[in-house]
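Structure file upload-v9.cif with mmCIF, C-alpha atoms:
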data_entry
loop_
_atom_site.label_atom_id
_atom_site.label_comp_id
_atom_site.auth_asym_id
_atom_site.auth_seq_id
_atom_site.Cartn_x
_atom_site.Cartn_y
_atom_site.Cartn_z
CA MET H 1 7.93 -2.80 9.93
CA ALA H 2 6.72 -0.64 7.02
CA LEU H 3 7.02 -3.56 4.61
CA HIS H 4 4.91 -5.69 6.94
CA GLY H 5 2.36 -2.86 6.93
CA LEU H 6 1.69 -3.54 3.25
CA CYS H 7 0.40 -7.06 3.90
CA GLN H 8 -2.96 -6.07 5.39
CA PRO H 9 -3.98 -3.55 2.71
CA LEU H 10 -2.88 -5.97 -0.03
CA THR H 11 -4.99 -8.73 1.50
CA VAL H 12 -7.97 -6.39 1.83
CA LEU H 13 -7.55 -5.27 -1.78
CA GLN H 14 -7.43 -8.84 -3.03
CA CYS H 15 -10.45 -9.85 -0.94
CA ARG H 16 -12.59 -6.88 -1.97
CA LEU H 17 -11.87 -7.40 -5.66
CA ALA H 18 -12.51 -11.13 -5.41
CA MET H 19 -15.84 -10.52 -3.64
CA GLY H 20 -16.89 -8.00 -6.29
CA GLU H 21 -16.05 -10.49 -9.00
CA LEU H 22 -17.82 -13.32 -7.17
CA VAL H 23 -21.05 -11.36 -6.82
CA GLY H 24 -20.80 -10.33 -10.46
CA ASP H 25 -23.24 -7.45 -10.02
CA PRO H 26 -22.13 -4.15 -11.61
CA ASP H 27 -22.79 -2.30 -8.34
CA ALA H 28 -20.69 -4.83 -6.43
CA MET H 29 -17.86 -4.38 -8.89
CA ARG H 30 -18.05 -0.57 -8.61
CA GLU H 31 -17.95 -0.84 -4.83
CA ALA H 32 -15.03 -3.27 -5.02
CA ILE H 33 -13.14 -0.90 -7.30
CA ARG H 34 -13.86 2.11 -5.05
CA GLU H 35 -12.71 0.23 -1.95
CA GLY H 36 -9.74 -1.18 -3.85
CA LEU H 37 -8.66 2.34 -4.75
CA GLN H 38 -8.82 3.30 -1.06
CA GLU H 39 -6.53 0.39 -0.20
CA CYS H 40 -4.16 1.43 -2.99
CA ALA H 41 -3.96 4.89 -1.41
CA ARG H 42 -3.08 3.27 1.94
CA MET H 43 -0.35 1.22 0.28
CA ASN H 44 1.04 4.29 -1.48
CA GLN H 45 1.34 6.02 1.88
CA THR H 46 3.27 3.07 3.28
CA VAL H 47 5.55 2.95 0.25
CA GLY H 48 6.17 6.69 0.63
CA THR H 49 7.15 6.13 4.25
CA MET H 50 9.49 3.32 3.23
CA ARG H 51 11.05 5.52 0.55
CA ALA H 52 11.66 8.33 3.04
CA MET H 53 13.20 5.89 5.53
CA LEU H 54 15.55 4.49 2.89
CA GLN H 55 16.56 7.95 1.74
CA GLN H 56 17.39 8.90 5.33
CA VAL H 57 19.45 5.75 5.78
CA MET H 58 21.39 6.54 2.62
CA VAL H 59 22.09 10.09 3.87
CA ASP H 60 23.23 8.72 7.22
CA ILE H 61 25.57 6.23 5.52
CA GLU H 62 27.05 8.93 3.28
CA GLU H 63 27.64 11.17 6.30
CA ARG H 64 29.43 8.37 8.17
CA ILE H 65 31.69 7.71 5.19
CA ARG H 66 32.84 11.34 5.05
#

Please, can you express the file's structure as structure tokens?
Amino acid sequence: MALHGLCQPLTVLQCRLAMGELVGDPDAMREAIREGLQECARMNQTVGTMRAMLQQVMVDIEERIR
């Protein structure tokens, strides 16, 4: 589920950067970069959640083995 959650912010990031490039205006590029950074922050949160989930699974597996 968390991995699927990365798809939307990645698509938004790609679209915003492509639109900024298409317009070619320096202000459009700055806006695209600013919005792209926001999407990167969203993706980092999702990756952090995935990392925590995997760490918990590993702990659970180790506890079962003992």

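CA of Gly36 (chain H) is positioned 9.2 Å from CA of Cys15 (chain H).
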
Could you state which residues are captured by the PyMOL selection byres ((chain H and resi 46) around 8) in this file, as an mmCIF file with C-alpha atoms, keeping the file's coordinate frame?
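Output below, filename selection-v1.cif:
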data_model
loop_
_atom_site.group_PDB
_atom_site.id
_atom_site.type_symbol
_atom_site.label_atom_id
_atom_site.label_comp_id
_atom_site.auth_asym_id
_atom_site.auth_seq_id
_atom_site.Cartn_x
_atom_site.Cartn_y
_atom_site.Cartn_z
ATOM 1 C CA ALA H 2 6.720 -0.640 7.020
ATOM 2 C CA LEU H 3 7.020 -3.560 4.610
ATOM 3 C CA GLY H 5 2.360 -2.860 6.930
ATOM 4 C CA LEU H 6 1.690 -3.540 3.250
ATOM 5 C CA ARG H 42 -3.080 3.270 1.940
ATOM 6 C CA MET H 43 -0.350 1.220 0.280
ATOM 7 C CA ASN H 44 1.040 4.290 -1.480
ATOM 8 C CA GLN H 45 1.340 6.020 1.880
ATOM 9 C CA VAL H 47 5.550 2.950 0.250
ATOM 10 C CA GLY H 48 6.170 6.690 0.630
ATOM 11 C CA THR H 49 7.150 6.130 4.250
ATOM 12 C CA MET H 50 9.490 3.320 3.230
#

(message) Rounded to one decimal, what separation in Å do you get between CA of Cys7 (chain H) and CA of Ala52 (chain H)?
(response) 19.1 Å

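The spacing separating CA of Leu37 (chain H) from CA of Met53 (chain H) amounts to 24.4 Å.
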
Please export chain H as a CSV table (one decimal), in the first residue's frame, restricted to C-alpha atoms.
chain,number,residue,atom,x,y,z
H,1,MET,CA,0.0,0.0,0.0
H,2,ALA,CA,2.8,2.4,0.9
H,3,LEU,CA,4.6,1.6,-2.3
H,4,HIS,CA,1.5,2.4,-4.3
H,5,GLY,CA,1.3,5.7,-2.4
H,6,LEU,CA,4.5,6.8,-4.1
H,7,CYS,CA,2.9,6.7,-7.6
H,8,GLN,CA,0.8,9.8,-7.3
H,9,PRO,CA,3.5,12.2,-5.9
H,10,LEU,CA,5.9,10.9,-8.5
H,11,THR,CA,3.4,11.6,-11.3
H,12,VAL,CA,2.7,15.1,-9.9
H,13,LEU,CA,6.4,15.8,-9.6
H,14,GLN,CA,7.0,14.7,-13.2
H,15,CYS,CA,4.0,16.7,-14.5
H,16,ARG,CA,5.0,19.9,-12.6
H,17,LEU,CA,8.6,19.8,-13.8
H,18,ALA,CA,7.5,19.1,-17.4
H,19,MET,CA,5.0,22.0,-17.3
H,20,GLY,CA,7.7,24.3,-16.0
H,21,GLU,CA,10.0,23.3,-18.7
H,22,LEU,CA,7.3,23.6,-21.4
H,23,VAL,CA,6.5,27.1,-20.4
H,24,GLY,CA,10.2,28.0,-20.3
H,25,ASP,CA,9.6,31.1,-18.2
H,26,PRO,CA,12.0,31.5,-15.2
H,27,ASP,CA,9.1,32.1,-12.9
H,28,ALA,CA,7.4,28.9,-14.1
H,29,MET,CA,10.5,27.0,-13.5
H,30,ARG,CA,10.9,28.4,-10.0
H,31,GLU,CA,7.3,27.4,-9.3
H,32,ALA,CA,7.8,24.0,-10.7
H,33,ILE,CA,10.9,23.5,-8.6
H,34,ARG,CA,9.2,24.7,-5.4
H,35,GLU,CA,6.2,22.4,-6.1
H,36,GLY,CA,8.5,19.6,-7.0
H,37,LEU,CA,10.3,19.9,-3.7
H,38,GLN,CA,7.0,19.7,-1.9
H,39,GLU,CA,6.2,16.4,-3.7
H,40,CYS,CA,9.7,15.1,-2.8
H,41,ALA,CA,8.9,15.8,0.9
H,42,ARG,CA,5.7,13.8,0.5
H,43,MET,CA,7.6,10.9,-1.1
H,44,ASN,CA,10.2,11.0,1.7
H,45,GLN,CA,7.4,10.6,4.2
H,46,THR,CA,6.1,7.6,2.4
H,47,VAL,CA,9.5,6.1,2.2
H,48,GLY,CA,10.0,6.7,5.9
H,49,THR,CA,6.8,4.9,6.6
H,50,MET,CA,7.9,2.0,4.4
H,51,ARG,CA,11.2,1.8,6.2
H,52,ALA,CA,9.5,1.7,9.6
H,53,MET,CA,7.2,-1.0,8.4
H,54,LEU,CA,10.0,-3.2,7.1
H,55,GLN,CA,12.0,-2.7,10.3
H,56,GLN,CA,9.0,-3.9,12.3
H,57,VAL,CA,8.6,-6.9,10.1
H,58,MET,CA,12.2,-7.8,10.6
H,59,VAL,CA,11.9,-7.5,14.4
H,60,ASP,CA,8.8,-9.7,14.3
H,61,ILE,CA,10.6,-12.3,12.2
H,62,GLU,CA,13.6,-12.3,14.5
H,63,GLU,CA,11.3,-12.7,17.5
H,64,ARG,CA,9.5,-15.7,15.9
H,65,ILE,CA,12.8,-17.4,15.2
H,66,ARG,CA,13.9,-17.2,18.9
